[in-house]
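Down below is the structure, laid out as structure tokens.
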Amino acid sequence: MLGHNQNVVYQVNTFYNEKVQQRKARVTKNVHRIAKVVQEILKEVEAQEPRFINTLTETSTGRFDGIVVHSPSEYEAVLYLNQMGVFNFVDDGTIQGCAVLKLSDGRKRSMSLWVEFITASGYLSARKIRHRFQNIVAQVLQTPQFSEYCKLLQDNTDVRVRVDDKYTVQITCAFRCNGIWPRSASHWPLAGLPWPNTALANQTKAEGFDLTSRETAITQHNNPNKQASTMEADAWAMKMHGAENMLLTGGRQKTLSILKCLRDAHMDFPGTPVTNYILKTLVLYECEKHCSEYEWEDTNIGDRLVGVLLQLVSCLQCRRCAHYFLPSLDLLRAKPTHTIEHSAKLTWHLVRKLMIDPNALQTL
């Protein structure tokens with residue numbers, strides 16, 4: 001597979017035009033089904049609790065703002081909340097990948113739309129909002145309108161709905177933070193690298209991030225320090241999908257799309273720690289190693305695929321994969337050892353085939 005010749009270009013384009021496009025068409029169809037169901041659920045939720053306003057919208061291109069695709073069967077719908085203004089955003093690195101929202105000095109609780117979710121210490125609790133939202137969704141899904149094709153999964157505190165017994169969608173409450181950049185990511189972009197250029201870096205930072213209410217790897221496990229555990233549960237997880245997507249265009253996005261297909265076919269199993277998000281993270285790291293545009297042209301995409309998968313093998317062997325913007329956050333944290341070891345074997349088998357077989361993409 002390694003090399004720069006027309007055979008590689010042919011294989012890359014054939015794989016992309018056939019398998020990647022088939023996957024995209026399937027995902028697009030699934031997204032429309034998921035979005036329709038989520039909008040119906042949120043309509044009923046809003047009727048019971050007007051503060052949870054449906055923010056899921058379809059764009060002129062047929063895409064849905066607020067839908068994140070984790071795999072062809074796993075999705076996430078982001079519900080953006082209003083009125084974060086009376087809170088200060090505190091990102092001091094205490095909780096990996098998270099920040100807290102603290103009532104601003106001089107502000108009264110009654111000035112907030114979310115007054116009953118503010119802790120005694122003045123923090124807006126992500127856990128309390130999520131608990132309230134989950135209870136309302138549970139009530140909605142028990143009605144005849146939804147009970148036949150929707151089921152609330154209660155294996156953790158996230159609001160996860162099984163649709164048509166085929167798809168899982170997590171509905172996540174979040175605050176949108178445009179125009180600000182987290183302190184935890186202040187090191188980015190790294191000095192001395194030509195990628196991204198100054199204009200792209202500034203655009204990426206202006207895109208900002210989301211503060212999401214979700215169960216993290218930290219809150220999933222009992223913490224012996226009760227006070228710290230409560231603080232972690234009340235914290236908001238930072239998600240930077242918009243900023244990441246701004247950096248991945250052209251050949252970089254094409255490489256990621258091919259990797260997603262390869263993951264679905266060769267690295268997916270129940271409980272796999274290798275998510276599309278980890279692949280996306282490793283492509284971003286690969287961008288720093290290969291800064292020039294020509295290195296992401298079709299003739300070089302074969303090498304980029306191998307490079308990313310070798311990174312993945314290394315991460316799995318070390319049992320650590322650092323978040324691209326928030327390096328203190330380990331994306332493999334709390335993942336079972338046996339699933340990591342199995343993923344490492346599957347990934348090495350795949351990358352070995354790509355390196356040895358000059359026609360690998362025709363058979364994968």
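Ordered as shown in the structure tokens, chains take letters A, B, and onward, while each chain numbers its residues from 1 and ligands are numbered from 1 in the order shown.
Near Glu293 (chain A), within 10 Å and counting only C-alpha atoms, sit A:Trp195, A:Gly250, A:Gly251, A:Arg252, A:Cys287, A:His290, A:Trp296, A:Glu297; same-chain residues fewer than 3 positions away were not included.
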Atoms to include: N, CA and C atoms. Write the selected residues as a tab-separated table (two decimals), in the first residue's frame.
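Wrote part_26.tsv, looks like this:
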```tsv
chain	number	residue	atom	x	y	z
A	195	TRP	N	1.24	24.43	10.17
A	195	TRP	CA	-0.18	24.07	10.13
A	195	TRP	C	-0.74	24.09	11.53
A	250	GLY	N	-10.90	18.83	2.74
A	250	GLY	CA	-10.16	18.26	1.62
A	250	GLY	C	-9.66	16.86	1.89
A	251	GLY	N	-8.38	16.63	1.62
A	251	GLY	CA	-7.78	15.31	1.79
A	251	GLY	C	-7.76	14.84	3.23
A	252	ARG	N	-7.73	15.77	4.16
A	252	ARG	CA	-7.75	15.38	5.58
A	252	ARG	C	-9.09	14.75	5.94
A	287	CYS	N	-1.99	15.60	11.09
A	287	CYS	CA	-1.91	16.88	10.37
A	287	CYS	C	-0.70	17.69	10.83
A	290	HIS	N	2.34	16.22	9.15
A	290	HIS	CA	2.35	16.40	7.69
A	290	HIS	C	1.54	17.66	7.38
A	296	TRP	N	-1.57	15.50	1.63
A	296	TRP	CA	-2.92	14.98	1.80
A	296	TRP	C	-3.64	14.80	0.47
A	297	GLU	N	-2.87	14.82	-0.61
A	297	GLU	CA	-3.43	14.51	-1.92
A	297	GLU	C	-3.61	13.01	-2.07
```
Can you list, as number ranges by chain, every residue of region 11-238 of chain A that DSSP puts in strand (DSSP E)? A: 57-58, 64-65, 67-71, 74-80, 87-90, 98-103, 150-153, 160-163, 167-177, 209-212, 236-238
How would the residues just chosen look if you wrote them out with N, CA and C atoms as a compact mmCIF listing (two decimals), in the first residue's frame?
```
# COMPACT_ATOMS: atom_id res chain seq x y z
N THR A 57 -32.26 21.90 14.11
CA THR A 57 -32.79 22.51 12.88
C THR A 57 -32.16 21.89 11.65
N GLU A 58 -32.94 21.83 10.59
CA GLU A 58 -32.46 21.32 9.30
C GLU A 58 -31.95 22.48 8.46
N PHE A 64 -28.55 18.40 9.57
CA PHE A 64 -29.19 18.84 10.81
C PHE A 64 -28.15 19.40 11.76
N ASP A 65 -28.29 20.67 12.10
CA ASP A 65 -27.42 21.28 13.10
C ASP A 65 -27.75 20.69 14.46
N ILE A 67 -26.85 17.40 15.28
CA ILE A 67 -26.72 15.94 15.23
C ILE A 67 -25.26 15.57 15.00
N VAL A 68 -24.74 14.72 15.87
CA VAL A 68 -23.36 14.23 15.75
C VAL A 68 -23.43 12.73 15.47
N VAL A 69 -22.70 12.28 14.45
CA VAL A 69 -22.69 10.86 14.08
C VAL A 69 -21.49 10.18 14.73
N HIS A 70 -21.75 9.22 15.61
CA HIS A 70 -20.66 8.46 16.23
C HIS A 70 -20.38 7.18 15.46
N SER A 71 -21.40 6.61 14.86
CA SER A 71 -21.27 5.43 14.00
C SER A 71 -22.60 5.30 13.26
N GLU A 74 -25.05 4.78 16.02
CA GLU A 74 -24.98 5.58 17.24
C GLU A 74 -24.89 7.07 16.91
N TYR A 75 -25.79 7.85 17.53
CA TYR A 75 -25.88 9.27 17.22
C TYR A 75 -26.02 10.07 18.51
N GLU A 76 -25.81 11.37 18.37
CA GLU A 76 -26.01 12.27 19.49
C GLU A 76 -26.72 13.52 19.00
N ALA A 77 -27.74 13.94 19.74
CA ALA A 77 -28.45 15.17 19.43
C ALA A 77 -28.19 16.16 20.55
N VAL A 78 -27.70 17.35 20.19
CA VAL A 78 -27.34 18.36 21.19
C VAL A 78 -28.48 19.36 21.33
N LEU A 79 -28.93 19.53 22.56
CA LEU A 79 -30.01 20.47 22.87
C LEU A 79 -29.37 21.68 23.55
N TYR A 80 -29.33 22.81 22.84
CA TYR A 80 -28.66 24.00 23.37
C TYR A 80 -29.60 24.77 24.31
N PHE A 87 -23.52 33.33 34.72
CA PHE A 87 -22.48 32.45 35.26
C PHE A 87 -21.11 32.78 34.67
N ASN A 88 -20.09 32.57 35.50
CA ASN A 88 -18.72 32.67 35.02
C ASN A 88 -18.24 31.29 34.59
N PHE A 89 -17.53 31.25 33.47
CA PHE A 89 -16.94 30.01 32.97
C PHE A 89 -15.58 29.83 33.65
N VAL A 90 -15.43 28.76 34.44
CA VAL A 90 -14.20 28.52 35.19
C VAL A 90 -13.53 27.25 34.68
N CYS A 98 -13.15 19.17 31.62
CA CYS A 98 -14.39 19.78 32.11
C CYS A 98 -14.16 21.19 32.64
N ALA A 99 -15.25 21.92 32.79
CA ALA A 99 -15.23 23.25 33.39
C ALA A 99 -16.47 23.38 34.24
N VAL A 100 -16.50 24.40 35.08
CA VAL A 100 -17.68 24.63 35.91
C VAL A 100 -18.26 26.00 35.58
N LEU A 101 -19.55 26.13 35.85
CA LEU A 101 -20.26 27.40 35.68
C LEU A 101 -20.65 27.91 37.06
N LYS A 102 -20.04 29.02 37.46
CA LYS A 102 -20.25 29.57 38.80
C LYS A 102 -21.01 30.89 38.72
N LEU A 103 -21.95 31.04 39.61
CA LEU A 103 -22.75 32.26 39.66
C LEU A 103 -21.83 33.46 39.80
N CYS A 150 -39.63 3.49 20.76
CA CYS A 150 -38.57 4.16 21.53
C CYS A 150 -38.46 3.55 22.92
N LYS A 151 -37.23 3.43 23.37
CA LYS A 151 -36.99 2.90 24.71
C LYS A 151 -35.84 3.68 25.34
N LEU A 152 -36.03 4.14 26.57
CA LEU A 152 -34.98 4.86 27.28
C LEU A 152 -34.01 3.85 27.89
N LEU A 153 -32.74 3.97 27.54
CA LEU A 153 -31.70 3.11 28.12
C LEU A 153 -31.25 3.73 29.44
N ARG A 160 -30.18 8.41 26.88
CA ARG A 160 -29.92 7.61 25.68
C ARG A 160 -31.19 6.86 25.31
N VAL A 161 -31.59 7.00 24.04
CA VAL A 161 -32.84 6.42 23.57
C VAL A 161 -32.55 5.41 22.46
N ARG A 162 -33.17 4.25 22.58
CA ARG A 162 -33.08 3.22 21.53
C ARG A 162 -34.26 3.43 20.59
N VAL A 163 -33.97 3.62 19.31
CA VAL A 163 -35.01 3.91 18.31
C VAL A 163 -35.12 2.76 17.31
N TYR A 167 -31.15 1.89 16.33
CA TYR A 167 -30.27 3.04 16.52
C TYR A 167 -30.30 3.51 17.98
N THR A 168 -29.16 4.02 18.42
CA THR A 168 -29.09 4.63 19.75
C THR A 168 -28.75 6.10 19.58
N VAL A 169 -29.53 6.96 20.21
CA VAL A 169 -29.27 8.40 20.14
C VAL A 169 -29.20 8.95 21.56
N GLN A 170 -28.13 9.66 21.84
CA GLN A 170 -27.98 10.34 23.13
C GLN A 170 -28.40 11.79 22.95
N ILE A 171 -29.32 12.25 23.78
CA ILE A 171 -29.76 13.64 23.73
C ILE A 171 -29.05 14.38 24.86
N THR A 172 -28.21 15.34 24.49
CA THR A 172 -27.32 16.00 25.44
C THR A 172 -27.65 17.47 25.59
N CYS A 173 -27.86 17.91 26.81
CA CYS A 173 -28.06 19.33 27.08
C CYS A 173 -26.71 20.04 27.08
N ALA A 174 -26.67 21.23 26.49
CA ALA A 174 -25.38 21.93 26.36
C ALA A 174 -25.57 23.43 26.30
N PHE A 175 -24.50 24.14 26.61
CA PHE A 175 -24.43 25.58 26.38
C PHE A 175 -23.41 25.82 25.27
N ARG A 176 -23.75 26.68 24.33
CA ARG A 176 -22.85 27.02 23.22
C ARG A 176 -21.95 28.17 23.67
N CYS A 177 -20.65 28.02 23.44
CA CYS A 177 -19.66 29.02 23.84
C CYS A 177 -18.90 29.51 22.61
N PHE A 209 -16.63 26.28 21.53
CA PHE A 209 -16.86 24.91 21.97
C PHE A 209 -18.23 24.81 22.64
N ASP A 210 -18.60 23.59 23.02
CA ASP A 210 -19.84 23.35 23.76
C ASP A 210 -19.50 22.91 25.17
N LEU A 211 -20.31 23.34 26.14
CA LEU A 211 -20.26 22.79 27.49
C LEU A 211 -21.43 21.84 27.62
N THR A 212 -21.16 20.56 27.80
CA THR A 212 -22.21 19.55 27.74
C THR A 212 -22.41 18.86 29.09
N TRP A 236 -19.23 20.54 33.72
CA TRP A 236 -19.68 20.44 32.33
C TRP A 236 -18.52 20.01 31.44
N ALA A 237 -18.75 18.98 30.63
CA ALA A 237 -17.70 18.46 29.75
C ALA A 237 -17.57 19.34 28.51
N MET A 238 -16.33 19.68 28.18
CA MET A 238 -16.07 20.51 27.00
C MET A 238 -16.02 19.63 25.75
```
Residue contacts of Glu288 (chain A) (10 Å, only C-alpha atoms) excluding same-chain residues fewer than 5 positions away, as a PyMOL selection string: chain A and resi 189-190+193-196+283
Those selected residues, please, written with all heavy atoms and delivered as a JSON list (two decimals), in the first residue's frame.
```json
[["chain", "number", "residue", "atom", "x", "y", "z"],
["A", 189, "PRO", "N", -2.46, 26.87, 18.82],
["A", 189, "PRO", "CA", -1.62, 25.91, 18.09],
["A", 189, "PRO", "C", -0.18, 25.93, 18.58],
["A", 189, "PRO", "O", 0.29, 26.94, 19.12],
["A", 189, "PRO", "CB", -1.73, 26.40, 16.64],
["A", 189, "PRO", "CG", -1.96, 27.87, 16.76],
["A", 189, "PRO", "CD", -2.79, 28.07, 18.00],
["A", 190, "LEU", "N", 0.50, 24.82, 18.38],
["A", 190, "LEU", "CA", 1.89, 24.72, 18.83],
["A", 190, "LEU", "C", 2.77, 25.67, 18.04],
["A", 190, "LEU", "O", 2.62, 25.81, 16.83],
["A", 190, "LEU", "CB", 2.40, 23.28, 18.65],
["A", 190, "LEU", "CG", 1.66, 22.19, 19.45],
["A", 190, "LEU", "CD1", 2.24, 20.82, 19.14],
["A", 190, "LEU", "CD2", 1.73, 22.48, 20.95],
["A", 193, "LEU", "N", 4.92, 25.39, 14.11],
["A", 193, "LEU", "CA", 4.33, 24.53, 13.08],
["A", 193, "LEU", "C", 3.64, 25.37, 12.01],
["A", 193, "LEU", "O", 2.91, 26.31, 12.35],
["A", 193, "LEU", "CB", 3.32, 23.56, 13.70],
["A", 193, "LEU", "CG", 3.84, 22.39, 14.53],
["A", 193, "LEU", "CD1", 2.68, 21.54, 15.02],
["A", 193, "LEU", "CD2", 4.80, 21.53, 13.72],
["A", 194, "PRO", "N", 3.85, 25.03, 10.73],
["A", 194, "PRO", "CA", 3.18, 25.80, 9.67],
["A", 194, "PRO", "C", 1.69, 25.50, 9.52],
["A", 194, "PRO", "O", 0.98, 26.20, 8.81],
["A", 194, "PRO", "CB", 3.95, 25.38, 8.41],
["A", 194, "PRO", "CG", 4.53, 24.04, 8.72],
["A", 194, "PRO", "CD", 4.80, 24.04, 10.20],
["A", 195, "TRP", "N", 1.24, 24.43, 10.17],
["A", 195, "TRP", "CA", -0.18, 24.07, 10.13],
["A", 195, "TRP", "C", -0.74, 24.09, 11.53],
["A", 195, "TRP", "O", -0.12, 23.55, 12.45],
["A", 195, "TRP", "CB", -0.40, 22.69, 9.52],
["A", 195, "TRP", "CG", -1.85, 22.33, 9.40],
["A", 195, "TRP", "CD1", -2.68, 22.57, 8.35],
["A", 195, "TRP", "CD2", -2.66, 21.68, 10.40],
["A", 195, "TRP", "NE1", -3.94, 22.12, 8.62],
["A", 195, "TRP", "CE2", -3.97, 21.56, 9.87],
["A", 195, "TRP", "CE3", -2.41, 21.20, 11.68],
["A", 195, "TRP", "CZ2", -5.01, 20.98, 10.57],
["A", 195, "TRP", "CZ3", -3.46, 20.62, 12.39],
["A", 195, "TRP", "CH2", -4.74, 20.51, 11.84],
["A", 196, "PRO", "N", -1.94, 24.66, 11.74],
["A", 196, "PRO", "CA", -2.70, 25.43, 10.75],
["A", 196, "PRO", "C", -2.13, 26.83, 10.62],
["A", 196, "PRO", "O", -1.43, 27.31, 11.53],
["A", 196, "PRO", "CB", -4.09, 25.48, 11.40],
["A", 196, "PRO", "CG", -3.81, 25.46, 12.88],
["A", 196, "PRO", "CD", -2.62, 24.57, 13.05],
["A", 283, "VAL", "N", -6.12, 11.77, 13.38],
["A", 283, "VAL", "CA", -5.93, 12.47, 12.10],
["A", 283, "VAL", "C", -5.43, 13.89, 12.36],
["A", 283, "VAL", "O", -4.55, 14.40, 11.66],
["A", 283, "VAL", "CB", -7.23, 12.48, 11.27],
["A", 283, "VAL", "CG1", -7.09, 13.42, 10.07],
["A", 283, "VAL", "CG2", -7.57, 11.07, 10.78]]
```
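The gap separating CA of Arg320 (chain A) from CA of Leu332 (chain A) is 5.5 Å, in Å to one decimal.
Proximity to Ala25 (chain A) was assessed for A:Pro72, A:Thr275, A:Cys318, A:Val8 counting only C-alpha atoms; the smallest distance is recorded for A:Pro72.
Closest approach to Ala235 (chain A) among A:Thr216, A:Asp303, A:Ile278, A:Pro273 is made by A:Thr216 (distances from only C-alpha atoms).
Coordinates place CA of Asp158 (chain A) at a distance of 18.9 Å from CA of His241 (chain A).
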So that I can see what lies close to Thr363 (chain A), please list as a ChimeraX atom specification the residues with an atom at most 12 Å from it, counting only C-alpha atoms and leaving out residues fewer than 3 positions away in the same chain. /A:11,14-15,19,262,265-266,350,353-354,357-360
Next, dump the selected residues to file, keeping only N, CA, C and O atoms, as a tab-separated table (two decimals), in the first residue's frame.
```tsv
chain	number	residue	atom	x	y	z
A	11	GLN	N	-7.03	2.99	-6.09
A	11	GLN	CA	-7.64	2.28	-4.97
A	11	GLN	C	-8.34	3.23	-3.99
A	11	GLN	O	-9.45	2.96	-3.53
A	14	THR	N	-11.50	4.60	-5.68
A	14	THR	CA	-12.52	3.55	-5.82
A	14	THR	C	-13.15	3.26	-4.46
A	14	THR	O	-14.39	3.16	-4.34
A	15	PHE	N	-12.32	3.11	-3.43
A	15	PHE	CA	-12.84	2.84	-2.09
A	15	PHE	C	-13.73	3.98	-1.62
A	15	PHE	O	-14.82	3.76	-1.07
A	19	LYS	N	-17.43	2.52	-1.20
A	19	LYS	CA	-17.76	2.18	0.19
A	19	LYS	C	-18.02	3.40	1.06
A	19	LYS	O	-18.96	3.40	1.88
A	262	LEU	N	-13.18	1.77	7.44
A	262	LEU	CA	-12.32	0.66	7.85
A	262	LEU	C	-12.62	0.25	9.29
A	262	LEU	O	-12.62	-0.93	9.63
A	265	ALA	N	-15.85	-1.80	9.50
A	265	ALA	CA	-15.75	-3.14	8.92
A	265	ALA	C	-14.77	-4.04	9.65
A	265	ALA	O	-14.96	-5.27	9.67
A	266	HIS	N	-13.73	-3.48	10.25
A	266	HIS	CA	-12.63	-4.31	10.76
A	266	HIS	C	-12.25	-4.08	12.22
A	266	HIS	O	-11.47	-4.86	12.77
A	350	LEU	N	-4.97	-5.01	10.58
A	350	LEU	CA	-5.41	-4.15	9.49
A	350	LEU	C	-4.25	-3.35	8.89
A	350	LEU	O	-4.07	-3.31	7.66
A	353	LYS	N	-1.81	-5.42	6.86
A	353	LYS	CA	-2.32	-5.73	5.52
A	353	LYS	C	-2.14	-4.54	4.58
A	353	LYS	O	-1.75	-4.71	3.42
A	354	LEU	N	-2.41	-3.33	5.10
A	354	LEU	CA	-2.26	-2.14	4.28
A	354	LEU	C	-0.80	-1.92	3.88
A	354	LEU	O	-0.51	-1.43	2.78
A	357	ASP	N	0.21	-5.55	1.48
A	357	ASP	CA	-0.56	-5.85	0.27
A	357	ASP	C	-0.74	-4.59	-0.59
A	357	ASP	O	-1.40	-3.65	-0.16
A	358	PRO	N	-0.16	-4.54	-1.78
A	358	PRO	CA	-0.28	-3.33	-2.63
A	358	PRO	C	-1.72	-3.09	-3.11
A	358	PRO	O	-2.04	-2.00	-3.59
A	359	ASN	N	-2.58	-4.11	-3.01
A	359	ASN	CA	-3.97	-3.96	-3.43
A	359	ASN	C	-4.94	-4.10	-2.25
A	359	ASN	O	-6.08	-4.53	-2.42
A	360	ALA	N	-4.49	-3.71	-1.08
A	360	ALA	CA	-5.25	-3.96	0.14
A	360	ALA	C	-6.66	-3.35	0.10
A	360	ALA	O	-7.63	-4.00	0.49
```
Please, what distance in Å, to one decimal, runs between CA of Ala344 (chain A) and CA of Asp264 (chain A)? 15.1 Å
Pick out the residues sitting within 7 Å of Val308 (chain A), and hand them over as a PyMOL selection string; count only C-alpha atoms, and ignore anything fewer than 3 positions along from it in its own chain. chain A and resi 282-283+286+304-305+311-312
Among region 183-306 of chain A, which ones does DSSP assign to helix (DSSP H, G or I) (computed from the backbone)? Answer as a PyMOL selection string. chain A and resi 183-185+198-207+226-234+241-247+250-266+276-289+293-296+298-306
